[in-house]
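Reading through the structure tokens given below for one structure.
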Amino acid sequence: MDRQTQDFAELFRRFLEEVVQAQPDAGGLSPIGLRLQEFLGTDVASLPVVTHAIAAHRLVDADVALADLAAESGSEPLGVSGGQMRDQAALGELIAPPHRFPYSPGPIDYVSVPSGPDSTRRVMSFGLHLLRFDGSPLVVLQRAARPERGRNTASLEVLTADPAAADAFLAEFGRRMLALSVLRGQVLSFTGNEYGQSAAGATFLPRPTVAADDVVLAPGVLDAVVRHVVGVGEQRERLRAQHQHLKRGVLLYGPPGTGKTLTVRHLLARTPGTTAVLLTGSGIRFVTEAAELARAMQPALVVLEDVDLVASDRMMHHGPQPLLFEVLDALDGLDGDADVAFVLTTNRVDVLERALADRPGRVDLAVEIALPDQESRRRLFARYADGLPFGAEAVEAAADRAEGTTGSFAKELVRRAVLAAAEAGREPTDDDLAAALDGLLDDRSRLTRSLLGTPSGSDSGEAEAEGMSGGGSVTGYTAGY
Ligand SMILES: Nc1ncnc2c1ncn2[C@@H]1O[C@H](COP(=O)(O)OP(=O)(O)O)[C@@H](O)[C@H]1O
Ligand SMILES: [Mg+2]
């Protein structure tokens with residue numbers, strides 16, 4: 001070793017010693033901890049972390065709001081490296097890890113999340129913002145929900161030496177989440193995921209385009225529903241000025257296949273700009289979240305489809321289901337002057353009547369969507385035969401023969417006639433229509449008729465029809481929006 005190398009070796013040895021001795025001075029901080037300490041200018045290991053939970057379906061809104069606030073202080077986000085499990089560590093553990101794990105500045109984790117019926121947004125699922133708010137430096141960690149790990153909500157974790165700044169920041173964050181929300185004015189459906197009960201995911205649906213003419217009901221029925229749901233909203237200001245409540249609840253009841261869901265779709269078409277939340281079947285367990293969102297986004301519409309399903313399940317054995325009470329509480333929970341309409345549909349009003357009567361005022365309009373009478377059937381058949389080469393008399397005769405059937409029956413009948421003709425390689429004729437009707441009215445089609453929502457008459461088929469129709473959407477005709 002020459003002299004120069006010896007000097008360097010000595011220098012390097014002293015350098016290493018200093019590094020080792022300096023270690024305790026870092027207070028056990030990881031590299032990311034040191035970075036945050038430098039930014040906040042204070043002993044980060046002793047600072048409290050304020051955690052703010054965010055419903056999983058609001059993650060996009062949180063990301064938008066936080067990005068907006070960060071842009072104002074001109075800050076760039078920062079990721080954390082350190083293995084798969086780092087997003088399980090609390091912010092405090094990232095800063096001063098128990099086993100001196102070297103969490104370091106690194107790449108940011110993103111997920112792609114729907115932000116509309118046809119759009120997605122790249123959202124930070126695990127990353128930090130180092131920003132200034134009201135003159136104070138703040139560190140904000142954004143974390144997505146991880147239901148597969150038992151974490152059902154997203155969250156922000158705020159670290160600052162100034163607790164008042166953290167409070168003010170979170171208040172402003174909440175305002176922006178609301179003001180910039182991607183959920184506003186959308187049609188949403190809430191569904192769970194396979195991991196847990198409480199993590200609601202929101203799915204964006206395109207707004208339906210069902211015109212009033214597409215809904216064939218007895219005269220005045222559709223108008224009454226529209227007036228209650230849409231009309232009250234249109235007179236919002238006046239009603240408020242005269243101290244009238246805006247919150248309203250409509251119950252649509254009647255046999256399956258008669259147009260309850262179709263009516264709902266028309267209501268959605270009539271209310272562009274209104275935020276709508278649709279809950280069906282097991283999704284009804286998210287009724288509290290839906291009502292909260294509706295209040296925040298009003299004007300809003302909350303639809304509970306086939307609400308009897310939550311009530312009927314174990315009613316016989318254990319009394320009414322807690323979920324039904326949750327529904328009733330949600331209907332009752334909002335202020336009267338919230339511009340929120342609840343629309344409930346059911347095939348089994350008997351199951352609900354008692355619970356609704358026991359707690360009056362939740363539903364202020366109950367409308368029967370009955371089996372169509374002869375007049376309505378003629379209109380229904382004419383509508384579904386429209387544009388097809390059937391004679392008007394043949395269509396009318398079919399409608400008259402099809403007593404006791406529903407709108408979904410009329411639609412399926414016409415489809416069968418068209419299909420039979422297509423298979424024979426020709427245009428459909430009146431005979432095809434009559435033959436299709438014979439087939440559907442045939443005794444052997446009793447189950448199909450019942451699945452189309454048509455009671456099977458006075459014979460033994462009645463009980464069977466009851467049992468099948470309880471499922472509501474088994475026909476497959478009721479499923480889609
Ligand atoms: N009153 C109606 N007017 C027009 N079409 C109807 C009517 N009732 C049912 N239909 C047809 O049958 C389909 C199923 O009806 P739906 O509204 O889902 O019944 P439900 O009352 O069970 O909710 C509708 O999408 C529509 O095509
Ligand atoms: Mg329905």
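Ligands are numbered from 1 in the order shown, residues from 1 within each chain, and chains are lettered A, B, ... in the order they appear in the structure tokens.
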Practice problem: Would you please give, as a ChimeraX atom specification, all residues of segment 17-192 of chain A that DSSP assigns to strand (DSSP E) based on the backbone? | Solution: /A:49-55,77-81,104-106,109-116,119-133,136-143,153-159,187-192
Could you write out, as a short mmCIF file (atom, residue, chain, number, x, y, z; two decimals) with C-alpha atoms, in the first residue's frame, all the residues of segment 35-219 of chain A that DSSP marks as alpha helix (DSSP H)?
```cif
data_model
loop_
_atom_site.label_atom_id
_atom_site.label_comp_id
_atom_site.auth_asym_id
_atom_site.auth_seq_id
_atom_site.Cartn_x
_atom_site.Cartn_y
_atom_site.Cartn_z
CA ARG A 35 -36.70 13.53 4.15
CA LEU A 36 -39.94 14.41 5.94
CA GLN A 37 -38.03 15.75 8.93
CA GLU A 38 -36.10 18.04 6.65
CA PHE A 39 -39.35 19.26 5.03
CA LEU A 40 -41.26 19.78 8.27
CA LEU A 59 -61.07 7.57 -3.59
CA VAL A 60 -61.18 9.31 -6.98
CA ASP A 61 -62.73 12.38 -5.35
CA ALA A 62 -60.02 12.35 -2.67
CA ASP A 63 -57.32 12.06 -5.32
CA VAL A 64 -58.76 14.97 -7.30
CA ALA A 65 -59.12 17.17 -4.21
CA LEU A 66 -55.64 16.40 -2.89
CA ALA A 67 -54.02 16.92 -6.29
CA ASP A 68 -55.82 20.27 -6.48
CA LEU A 69 -54.52 21.36 -3.09
CA ALA A 70 -51.02 20.11 -3.86
CA ALA A 71 -50.97 21.98 -7.18
CA GLU A 72 -51.59 25.21 -5.29
CA LEU A 91 -47.11 6.62 8.55
CA GLY A 92 -45.30 6.63 11.91
CA GLU A 93 -43.76 3.24 11.11
CA LEU A 94 -42.57 4.42 7.71
CA ILE A 95 -40.80 7.32 9.40
CA PRO A 163 -52.62 20.73 14.65
CA ALA A 164 -54.75 23.73 13.66
CA ALA A 165 -53.31 23.56 10.14
CA ALA A 166 -54.20 19.85 9.94
CA ASP A 167 -57.80 20.61 10.91
CA ALA A 168 -58.09 23.50 8.48
CA PHE A 169 -56.51 21.42 5.75
CA LEU A 170 -58.93 18.52 6.24
CA ALA A 171 -61.89 20.89 6.25
CA GLU A 172 -60.78 22.42 2.96
CA PHE A 173 -60.04 18.96 1.59
CA GLY A 174 -63.63 17.91 2.41
CA ARG A 175 -65.04 20.99 0.64
CA ARG A 176 -63.02 20.30 -2.50
CA MET A 177 -63.90 16.61 -2.49
CA LEU A 178 -67.51 17.65 -2.66
CA ALA A 179 -67.10 20.53 -5.10
#
```
Quiz item: Contacts of Pro360 of chain A at 12 Å or less, counting only C-alpha atoms, minus same-chain residues fewer than 2 places along, as a list of chain:residue names?
Solution: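 My list of contacting residues is A:Gly249, A:Leu328, A:Asp329, A:Leu331, A:Asp332, A:Glu353, A:Arg354, A:Ala355, A:Leu356, A:Ala357, A:Asp358, A:Arg362, A:Val363, A:Asp364, A:Leu365.
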Self-check item: Selection as an MDAnalysis selection string: residues within 9 Å of ligand 1 by only C-alpha atoms and all ligand atoms
Solution: chainID A and resid 213:218 252:265 305:306 345:347 369:372 376:377 379:380 383:384 406:412 452:453 469 472:473 475:481
Practice problem: Write out as number ranges by chain which residues come within 7 Å of Met124 of chain A when counting only C-alpha atoms, dropping same-chain ones fewer than 4 positions away. | Solution: A: 63, 109-111, 142
Quiz item: With distances taken over only C-alpha atoms, which of A:Leu183, A:Ala392, A:Ala224, A:Met1 is nearest to Val367 of chain A?
Solution: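 Smallest distance to Val367 of chain A is found for A:Ala224.
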Quiz item: So how many Å separate atom CA of Val49 of chain A and atom CA of Arg121 of chain A, to one decimal?
Solution: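 Separating atom CA of Val49 of chain A from atom CA of Arg121 of chain A is a distance of 27.9 Å.
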Quiz item: Pick from A:Gly127, A:Arg416, A:Thr5, A:Gly361: nearest to Leu156 of chain A, with only C-alpha atoms counted?
Solution: A:Gly127
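For Phe101 of chain A, the list of residues within 12 Å, based on only C-alpha atoms and with local chain neighbours fewer than 6 positions off taken out, reads Gly28, Leu29, Ser30, Pro31, Ile32, Gly33, Val80, Ser81, Gly82, Gly83, Met85, Arg86, Ala89, Glu93, Leu94 and Ile95 of chain A.
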Generate the output file for the selected residues, C-alpha atoms, as an mmCIF file, in the first residue's frame.
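Saved result, again-v1.cif, follows:
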```
data_model
loop_
_atom_site.group_PDB
_atom_site.id
_atom_site.type_symbol
_atom_site.label_atom_id
_atom_site.label_comp_id
_atom_site.auth_asym_id
_atom_site.auth_seq_id
_atom_site.Cartn_x
_atom_site.Cartn_y
_atom_site.Cartn_z
ATOM 1 C CA GLY A 28 -34.045 5.606 14.206
ATOM 2 C CA LEU A 29 -35.447 7.507 11.258
ATOM 3 C CA SER A 30 -35.619 5.824 7.871
ATOM 4 C CA PRO A 31 -34.411 7.718 4.792
ATOM 5 C CA ILE A 32 -38.018 8.748 4.080
ATOM 6 C CA GLY A 33 -38.299 9.846 7.726
ATOM 7 C CA VAL A 80 -42.051 5.136 -0.765
ATOM 8 C CA SER A 81 -39.920 2.123 -1.630
ATOM 9 C CA GLY A 82 -39.484 -0.820 0.702
ATOM 10 C CA GLY A 83 -41.317 -3.911 -0.422
ATOM 11 C CA MET A 85 -45.780 -4.719 2.904
ATOM 12 C CA ARG A 86 -44.973 -1.030 3.090
ATOM 13 C CA ALA A 89 -47.226 0.238 7.696
ATOM 14 C CA GLU A 93 -43.757 3.238 11.106
ATOM 15 C CA LEU A 94 -42.573 4.425 7.713
ATOM 16 C CA ILE A 95 -40.805 7.320 9.398
#
```
Self-check item: Residue with smallest distance to His245 of chain A - pool A:Gly336, A:Gly233, A:Pro428, A:Pro114, counting only C-alpha atoms
Solution: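 Among A:Gly336, A:Gly233, A:Pro428, A:Pro114, it is A:Gly336 that comes nearest to His245 of chain A.
Candidate residues A:Ala330, A:Leu413, A:Ala399, A:Val303 were compared for distance to ligand 2, and the nearest is A:Val303, using only C-alpha atoms and all ligand atoms.
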Exercise. For atom CA of Ala154 of chain A and atom CA of Val140 of chain A, quote the distance in Å rounded to one decimal.
Key: 13.1 Å
Compile the contact shell of Leu47 of chain A as a CSV table (one decimal) with C-alpha atoms, in the first residue's frame: residues with an atom at most 7 Å away, counting only C-alpha atoms, same-chain residues fewer than 5 positions apart removed.
```csv
chain,number,residue,atom,x,y,z
A,159,LEU,CA,-48.4,14.9,9.7
A,160,THR,CA,-47.7,18.4,10.8
A,161,ALA,CA,-46.3,20.3,13.8
```
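Of the residues under consideration (A:Arg415, A:Arg348, A:Arg240, A:Arg359), A:Arg348 shows the shortest atom-to-atom contact distance to ligand 2 when counting only C-alpha atoms and all ligand atoms.
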Practice problem: Extract, using only C-alpha atoms, all DNA, RNA and protein residues at most 12 Å from segment 436-441 of chain A, discarding same-chain residues fewer than 6 positions from it, and format them as JSON, numbers by chain. | Solution: {"A": [381, 394, 395, 397, 398, 399, 400, 401, 402, 403, 404, 405, 409, 410, 411, 412, 413, 414, 415, 416, 417, 418, 419, 420, 421, 428, 429, 430, 447, 448, 449, 450, 451, 452, 454, 455, 456, 457]}
Could you take the residues named above and write them with N, CA and C atoms, as a JSON list (two decimals), in the first residue's frame?
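As a result, again_10.json now contains:
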```
[["chain", "number", "residue", "atom", "x", "y", "z"],
["A", 381, "PHE", "N", -99.06, -4.00, -26.79],
["A", 381, "PHE", "CA", -98.81, -4.85, -27.95],
["A", 381, "PHE", "C", -98.50, -3.98, -29.17],
["A", 394, "ALA", "N", -104.65, -7.96, -36.05],
["A", 394, "ALA", "CA", -104.00, -9.16, -35.50],
["A", 394, "ALA", "C", -103.33, -8.82, -34.17],
["A", 395, "VAL", "N", -102.72, -7.67, -34.12],
["A", 395, "VAL", "CA", -102.04, -7.25, -32.89],
["A", 395, "VAL", "C", -103.08, -7.05, -31.78],
["A", 397, "ALA", "N", -106.04, -8.39, -31.61],
["A", 397, "ALA", "CA", -106.62, -9.69, -31.23],
["A", 397, "ALA", "C", -105.68, -10.43, -30.28],
["A", 398, "ALA", "N", -104.38, -10.34, -30.56],
["A", 398, "ALA", "CA", -103.41, -10.99, -29.68],
["A", 398, "ALA", "C", -103.48, -10.38, -28.28],
["A", 399, "ALA", "N", -103.56, -9.04, -28.24],
["A", 399, "ALA", "CA", -103.64, -8.35, -26.94],
["A", 399, "ALA", "C", -104.88, -8.80, -26.18],
["A", 400, "ASP", "N", -105.98, -8.95, -26.89],
["A", 400, "ASP", "CA", -107.22, -9.34, -26.21],
["A", 400, "ASP", "C", -107.14, -10.77, -25.68],
["A", 401, "ARG", "N", -106.46, -11.63, -26.44],
["A", 401, "ARG", "CA", -106.33, -13.02, -26.00],
["A", 401, "ARG", "C", -105.38, -13.15, -24.81],
["A", 402, "ALA", "N", -104.43, -12.23, -24.70],
["A", 402, "ALA", "CA", -103.36, -12.38, -23.71],
["A", 402, "ALA", "C", -103.75, -11.79, -22.36],
["A", 403, "GLU", "N", -104.98, -12.04, -21.95],
["A", 403, "GLU", "CA", -105.45, -11.45, -20.70],
["A", 403, "GLU", "C", -104.58, -11.92, -19.52],
["A", 404, "GLY", "N", -104.29, -11.02, -18.63],
["A", 404, "GLY", "CA", -103.52, -11.39, -17.43],
["A", 404, "GLY", "C", -102.02, -11.40, -17.63],
["A", 405, "THR", "N", -101.58, -10.97, -18.81],
["A", 405, "THR", "CA", -100.13, -10.96, -19.04],
["A", 405, "THR", "C", -99.56, -9.55, -18.84],
["A", 409, "PHE", "N", -94.24, -9.80, -21.12],
["A", 409, "PHE", "CA", -94.81, -10.85, -21.95],
["A", 409, "PHE", "C", -94.99, -10.34, -23.39],
["A", 410, "ALA", "N", -95.54, -9.16, -23.53],
["A", 410, "ALA", "CA", -95.78, -8.58, -24.87],
["A", 410, "ALA", "C", -94.47, -8.48, -25.65],
["A", 411, "LYS", "N", -93.44, -8.06, -24.95],
["A", 411, "LYS", "CA", -92.15, -7.89, -25.60],
["A", 411, "LYS", "C", -91.59, -9.24, -26.06],
["A", 412, "GLU", "N", -91.70, -10.23, -25.18],
["A", 412, "GLU", "CA", -91.17, -11.55, -25.51],
["A", 412, "GLU", "C", -91.99, -12.21, -26.62],
["A", 413, "LEU", "N", -93.30, -11.98, -26.60],
["A", 413, "LEU", "CA", -94.16, -12.54, -27.64],
["A", 413, "LEU", "C", -93.71, -12.07, -29.02],
["A", 414, "VAL", "N", -93.53, -10.77, -29.14],
["A", 414, "VAL", "CA", -93.15, -10.20, -30.44],
["A", 414, "VAL", "C", -91.78, -10.75, -30.85],
["A", 415, "ARG", "N", -90.90, -10.86, -29.88],
["A", 415, "ARG", "CA", -89.57, -11.38, -30.23],
["A", 415, "ARG", "C", -89.67, -12.81, -30.79],
["A", 416, "ARG", "N", -90.53, -13.61, -30.17],
["A", 416, "ARG", "CA", -90.66, -15.00, -30.64],
["A", 416, "ARG", "C", -91.22, -15.07, -32.05],
["A", 417, "ALA", "N", -92.20, -14.21, -32.32],
["A", 417, "ALA", "CA", -92.78, -14.21, -33.66],
["A", 417, "ALA", "C", -91.72, -13.82, -34.69],
["A", 418, "VAL", "N", -90.93, -12.81, -34.37],
["A", 418, "VAL", "CA", -89.89, -12.35, -35.29],
["A", 418, "VAL", "C", -88.83, -13.43, -35.45],
["A", 419, "LEU", "N", -88.50, -14.10, -34.37],
["A", 419, "LEU", "CA", -87.48, -15.15, -34.42],
["A", 419, "LEU", "C", -87.94, -16.33, -35.29],
["A", 420, "ALA", "N", -89.21, -16.74, -35.09],
["A", 420, "ALA", "CA", -89.73, -17.87, -35.87],
["A", 420, "ALA", "C", -89.66, -17.56, -37.36],
["A", 421, "ALA", "N", -90.05, -16.33, -37.72],
["A", 421, "ALA", "CA", -90.01, -15.93, -39.14],
["A", 421, "ALA", "C", -88.57, -15.90, -39.64],
["A", 428, "PRO", "N", -91.85, -11.59, -40.65],
["A", 428, "PRO", "CA", -92.90, -12.10, -39.76],
["A", 428, "PRO", "C", -94.31, -11.75, -40.25],
["A", 429, "THR", "N", -95.25, -12.64, -40.02],
["A", 429, "THR", "CA", -96.63, -12.42, -40.44],
["A", 429, "THR", "C", -97.56, -12.52, -39.23],
["A", 430, "ASP", "N", -98.82, -12.20, -39.48],
["A", 430, "ASP", "CA", -99.83, -12.31, -38.42],
["A", 430, "ASP", "C", -99.91, -13.73, -37.88],
["A", 447, "LEU", "N", -94.46, -22.17, -16.75],
["A", 447, "LEU", "CA", -93.29, -21.66, -16.01],
["A", 447, "LEU", "C", -92.72, -20.42, -16.70],
["A", 448, "THR", "N", -92.61, -20.49, -18.03],
["A", 448, "THR", "CA", -92.12, -19.32, -18.76],
["A", 448, "THR", "C", -93.00, -18.11, -18.50],
["A", 449, "ARG", "N", -94.32, -18.34, -18.54],
["A", 449, "ARG", "CA", -95.24, -17.22, -18.29],
["A", 449, "ARG", "C", -94.99, -16.65, -16.91],
["A", 450, "SER", "N", -94.79, -17.53, -15.98],
["A", 450, "SER", "CA", -94.58, -17.04, -14.62],
["A", 450, "SER", "C", -93.26, -16.28, -14.52],
["A", 451, "LEU", "N", -92.28, -16.75, -15.27],
["A", 451, "LEU", "CA", -90.99, -16.03, -15.26],
["A", 451, "LEU", "C", -91.12, -14.68, -15.96],
["A", 452, "LEU", "N", -92.07, -14.57, -16.86],
["A", 452, "LEU", "CA", -92.31, -13.28, -17.51],
["A", 452, "LEU", "C", -93.20, -12.40, -16.63],
["A", 454, "THR", "N", -96.23, -13.26, -15.32],
["A", 454, "THR", "CA", -97.66, -13.37, -15.52],
["A", 454, "THR", "C", -98.23, -14.47, -14.66],
["A", 455, "PRO", "N", -99.13, -14.14, -13.75],
["A", 455, "PRO", "CA", -99.70, -15.17, -12.90],
["A", 455, "PRO", "C", -100.37, -16.24, -13.75],
["A", 456, "SER", "N", -100.37, -17.49, -13.27],
["A", 456, "SER", "CA", -100.83, -18.59, -14.11],
["A", 456, "SER", "C", -102.31, -18.87, -13.99],
["A", 457, "GLY", "N", -103.07, -17.94, -13.47],
["A", 457, "GLY", "CA", -104.51, -18.14, -13.40],
["A", 457, "GLY", "C", -104.89, -18.87, -12.12]]
```
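Nearest-residue note for Ala276 of chain A: choosing from A:Arg13, A:Arg207, A:Arg3, A:His129, the minimum distance belongs to A:Arg207, counting only C-alpha atoms.
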